Amino acid sequence: MSDPITDQRLLYIHDQLSDEDIQREVDLYGPLTDSVRQLIAATLQTEVGEPDVRRAKALVEEAAAILQERAIPGPYGVRWGASGWKRGWGNAADGVRNAVAPPLTIQTDPDGRTWTDFHLGPQYEGPAGLTHGGVSALILDQVLGDCAVAAGSPGMTGTLTLRYRKPTPLGDLHAEARFDRMDGVKAIVKGHIADAAGICVEAEGIFILPRWAREAAAASTAG
Ligand SMILES: CCCCC/C=C\C/C=C\C/C=C\C/C=C\CCCC(=O)SCCNC(=O)CCNC(=O)[C@H](O)C(C)(C)COP(=O)(O)OP(=O)(O)OC[C@H]1O[C@@H](n2cnc3c(N)ncnc32)[C@H](O)[C@@H]1OP(=O)(O)O
């Protein structure tokens, strides 16, 4: 019987790929992902006639069949190359190979502030013309989580608390996070999403390295 912790650990993969090979993959798959992203928006916005919709559907199915000819059977996982270049390319918020991701390009300043300027298209709509609240949660989970990583305290999200202060428009937005404090094994991070007029959503996250990873880290330092 499969064990969820073992299954999860097996998806953290050190494959020793060189930086050159990883860059080649970025250059190959990045544009494919962008094209699929365009397709998602076009599927939502198109007003062409029925024959064109049917023709587009057949072409999309043909493209899917080409890609499925050789494919991994499940999630992409998180992989590291020889230099330590990390690829969370299946990630729903910032995965290079995930067309569902807006995508986010998350940066960290030397003072630890983690931030991203990003654009949400029509496929992220919740209330009419506005960003879906769950999408805001996705983005804040990722930005706050990356901030915990940058602060040296990576972890799974234990609790994410949001306050939706004013409606979040679609379009150009900004998100940022700051490490607040440690409370035992819990890293507490705070952040927000803002539009040009100010803060729309405030967030506080508690990030906890799972017990199995804490034990593995303790065993490796005990050497
Ligand atoms: C090569 C190895 C790599 C290992 C990597 C492992 C993890 C990932 C690391 C980094 C992630 C990288 C980037 C992050 C970027 C993006 C963020 C997206 C992240 C997500 O999208 S992630 C999906 C949603 N997330 C989950 O799917 C979590 C499911 N859940 C669990 O995996 C466990 O539940 C866990 C780990 C949360 C706790 O498990 P545990 O066994 O370690 O906990 P334990 O009992 O030891 O408690 C220790 C202290 O935490 C307190 N505590 C426990 N649970 C709490 C909770 N929920 N909230 C607040 N406090 C909690 C206790 O009260 C105690 O507190 P105190 O010490 O004060 O008594």
# chains A, B, ... in the order shown; residues from 1 in each chain; ligands from 1
>>> residues_near_ligand(ligand="ligand 1", cutoff="6 Å", atoms="only C-alpha atoms and all ligand atoms", output="JSON list (two decimals) with N, CA and C atoms, in the first residue's frame")
[["chain", "number", "residue", "atom", "x", "y", "z"],
["A", 12, "TYR", "N", 10.50, 14.90, -4.39],
["A", 12, "TYR", "CA", 11.63, 15.84, -4.27],
["A", 12, "TYR", "C", 12.83, 15.12, -4.90],
["A", 141, "ASP", "N", -0.30, 32.53, -0.67],
["A", 141, "ASP", "CA", 0.32, 31.31, -0.13],
["A", 141, "ASP", "C", 1.73, 31.17, -0.70],
["A", 142, "GLN", "N", 1.85, 31.38, -2.01],
["A", 142, "GLN", "CA", 3.15, 31.21, -2.67],
["A", 142, "GLN", "C", 4.15, 32.30, -2.25],
["A", 145, "GLY", "N", 5.04, 31.85, 1.36],
["A", 145, "GLY", "CA", 5.84, 30.62, 1.48],
["A", 145, "GLY", "C", 7.27, 30.83, 1.00],
["A", 146, "ASP", "N", 7.42, 31.52, -0.12],
["A", 146, "ASP", "CA", 8.76, 31.81, -0.64],
["A", 146, "ASP", "C", 9.52, 32.72, 0.32],
["A", 154, "PRO", "N", 11.88, 27.14, 5.49],
["A", 154, "PRO", "CA", 10.89, 26.62, 4.55],
["A", 154, "PRO", "C", 9.87, 25.73, 5.27],
["A", 155, "GLY", "N", 8.67, 25.69, 4.73],
["A", 155, "GLY", "CA", 7.68, 24.82, 5.35],
["A", 155, "GLY", "C", 6.42, 24.72, 4.54],
["A", 156, "MET", "N", 5.60, 23.73, 4.90],
["A", 156, "MET", "CA", 4.26, 23.62, 4.34],
["A", 156, "MET", "C", 3.39, 24.69, 5.01],
["A", 157, "THR", "N", 2.37, 25.14, 4.31],
["A", 157, "THR", "CA", 1.45, 26.08, 4.92],
["A", 157, "THR", "C", 0.61, 25.35, 5.96],
["A", 158, "GLY", "N", 0.72, 25.74, 7.23],
["A", 158, "GLY", "CA", -0.12, 25.16, 8.27],
["A", 158, "GLY", "C", -1.44, 25.92, 8.33],
["A", 159, "THR", "N", -1.33, 27.24, 8.40],
["A", 159, "THR", "CA", -2.51, 28.10, 8.46],
["A", 159, "THR", "C", -2.26, 29.34, 7.60],
["A", 184, "GLY", "N", 8.81, 28.67, 17.87],
["A", 184, "GLY", "CA", 9.21, 27.26, 17.85],
["A", 184, "GLY", "C", 9.54, 26.85, 16.43],
["A", 185, "VAL", "N", 8.85, 25.81, 15.90],
["A", 185, "VAL", "CA", 9.12, 25.36, 14.53],
["A", 185, "VAL", "C", 8.26, 26.13, 13.51],
["A", 186, "LYS", "N", 7.43, 27.04, 13.99],
["A", 186, "LYS", "CA", 6.51, 27.75, 13.09],
["A", 186, "LYS", "C", 7.10, 29.09, 12.63],
["A", 206, "ILE", "N", 1.36, 30.70, 8.57],
["A", 206, "ILE", "CA", 2.20, 29.93, 9.48],
["A", 206, "ILE", "C", 2.77, 28.77, 8.67],
["A", 208, "ILE", "N", 5.35, 25.47, 8.39],
["A", 208, "ILE", "CA", 5.94, 24.45, 9.27],
["A", 208, "ILE", "C", 6.62, 23.38, 8.41],
["A", 209, "LEU", "N", 7.89, 23.17, 8.65],
["A", 209, "LEU", "CA", 8.57, 22.06, 7.98],
["A", 209, "LEU", "C", 7.99, 20.77, 8.56],
["A", 210, "PRO", "N", 7.49, 19.85, 7.69],
["A", 210, "PRO", "CA", 6.85, 18.65, 8.24],
["A", 210, "PRO", "C", 7.82, 17.87, 9.14],
["A", 211, "ARG", "N", 7.21, 17.14, 10.06],
["A", 211, "ARG", "CA", 8.01, 16.40, 11.04],
["A", 211, "ARG", "C", 9.06, 15.50, 10.35],
["A", 213, "ALA", "N", 10.59, 15.92, 7.58],
["A", 213, "ALA", "CA", 11.71, 16.72, 7.04],
["A", 213, "ALA", "C", 12.56, 17.28, 8.19]]
>>> residues_around(residues="range 99-108 of chain A", least_positions_apart="6", cutoff="12 Å", atoms="only C-alpha atoms", output="ChimeraX atom specification")
/A:29-41,88-93,114-124,131,135-136,138-151,170-179
>>> write_last_selection(atoms="C-alpha atoms", output="short mmCIF file (atom, residue, chain, number, x, y, z; two decimals), in the first residue's frame")
data_model
loop_
_atom_site.label_atom_id
_atom_site.label_comp_id
_atom_site.auth_asym_id
_atom_site.auth_seq_id
_atom_site.Cartn_x
_atom_site.Cartn_y
_atom_site.Cartn_z
CA TYR A 29 8.73 24.66 -22.57
CA GLY A 30 8.33 28.30 -21.45
CA PRO A 31 6.96 29.44 -24.84
CA LEU A 32 4.71 26.34 -25.05
CA THR A 33 3.24 27.21 -21.66
CA ASP A 34 2.72 30.85 -22.75
CA SER A 35 0.88 29.65 -25.87
CA VAL A 36 -1.42 27.45 -23.78
CA ARG A 37 -2.06 30.41 -21.48
CA GLN A 38 -3.11 32.47 -24.53
CA LEU A 39 -5.34 29.57 -25.52
CA ILE A 40 -7.06 29.57 -22.11
CA ALA A 41 -7.88 33.28 -22.40
CA GLY A 88 9.02 23.55 -9.16
CA TRP A 89 7.74 23.62 -12.71
CA GLY A 90 4.35 22.07 -11.93
CA ASN A 91 3.58 24.69 -9.28
CA ALA A 92 0.10 26.20 -9.75
CA ALA A 93 1.30 29.73 -8.91
CA THR A 114 9.68 38.98 -1.08
CA TRP A 115 7.55 40.47 -3.85
CA THR A 116 6.07 40.09 -7.31
CA ASP A 117 4.38 42.32 -9.86
CA PHE A 118 1.97 40.20 -11.88
CA HIS A 119 -0.97 40.32 -14.24
CA LEU A 120 -4.24 38.43 -13.86
CA GLY A 121 -6.18 37.82 -17.07
CA PRO A 122 -9.90 37.07 -17.45
CA GLN A 123 -9.43 33.41 -16.47
CA TYR A 124 -8.95 34.41 -12.82
CA THR A 131 -10.15 38.48 -8.94
CA VAL A 135 -6.78 32.94 -6.58
CA SER A 136 -5.68 35.69 -4.18
CA LEU A 138 -3.05 30.94 -4.07
CA ILE A 139 -0.85 33.94 -4.79
CA LEU A 140 -0.39 34.92 -1.14
CA ASP A 141 0.32 31.31 -0.13
CA GLN A 142 3.15 31.21 -2.67
CA VAL A 143 4.62 34.66 -1.95
CA LEU A 144 4.49 34.19 1.83
CA GLY A 145 5.84 30.62 1.48
CA ASP A 146 8.76 31.81 -0.64
CA CYS A 147 9.44 34.52 1.95
CA ALA A 148 9.70 31.81 4.65
CA VAL A 149 12.14 29.93 2.40
CA ALA A 150 14.21 33.11 1.88
CA ALA A 151 14.27 33.61 5.67
CA LEU A 170 -8.10 41.84 -12.48
CA GLY A 171 -5.10 43.21 -14.37
CA ASP A 172 -1.83 44.54 -12.96
CA LEU A 173 -1.28 43.74 -9.28
CA HIS A 174 1.52 43.59 -6.71
CA ALA A 175 2.06 41.13 -3.86
CA GLU A 176 4.68 41.16 -1.14
CA ALA A 177 5.60 39.48 2.12
CA ARG A 178 7.89 39.95 5.10
CA PHE A 179 9.11 37.38 7.60
#
>>> select_by_dssp(residues="range 61-217 of chain A", states="strand (DSSP E or B)", output="number ranges by chain")
A: 78-80, 86-87, 107-108, 114-120, 125, 130-131, 156-164, 169, 171-183, 186-195, 198-208
>>> atom_distance(atom1="CA of Gln8 in chain A", atom2="CA of Ala187 in chain A")
21.3 Å
>>> select_by_dssp(residues="range 187-223 of chain A", states="alpha helix (DSSP H)", output="list in words")
Arg211, Trp212, Ala213, Arg214, Glu215, Ala216, Ala217, Ala218, Ala219, Ser220, Thr221 and Ala222 of chain A
>>> write_last_selection(atoms="C-alpha atoms", output="PDB file, in the first residue's frame")
ATOM      1  CA  ARG A 211       8.007  16.396  11.042  1.00  0.00           C
ATOM      2  CA  TRP A 212       9.621  13.911   8.580  1.00  0.00           C
ATOM      3  CA  ALA A 213      11.707  16.720   7.037  1.00  0.00           C
ATOM      4  CA  ARG A 214      12.674  18.097  10.476  1.00  0.00           C
ATOM      5  CA  GLU A 215      13.794  14.625  11.509  1.00  0.00           C
ATOM      6  CA  ALA A 216      15.751  14.127   8.258  1.00  0.00           C
ATOM      7  CA  ALA A 217      17.457  17.534   8.734  1.00  0.00           C
ATOM      8  CA  ALA A 218      18.297  16.735  12.381  1.00  0.00           C
ATOM      9  CA  ALA A 219      19.727  13.322  11.373  1.00  0.00           C
ATOM     10  CA  SER A 220      21.907  14.862   8.637  1.00  0.00           C
ATOM     11  CA  THR A 221      23.377  17.542  10.955  1.00  0.00           C
ATOM     12  CA  ALA A 222      23.936  14.921  13.693  1.00  0.00           C
TER      13      ALA A 222
END
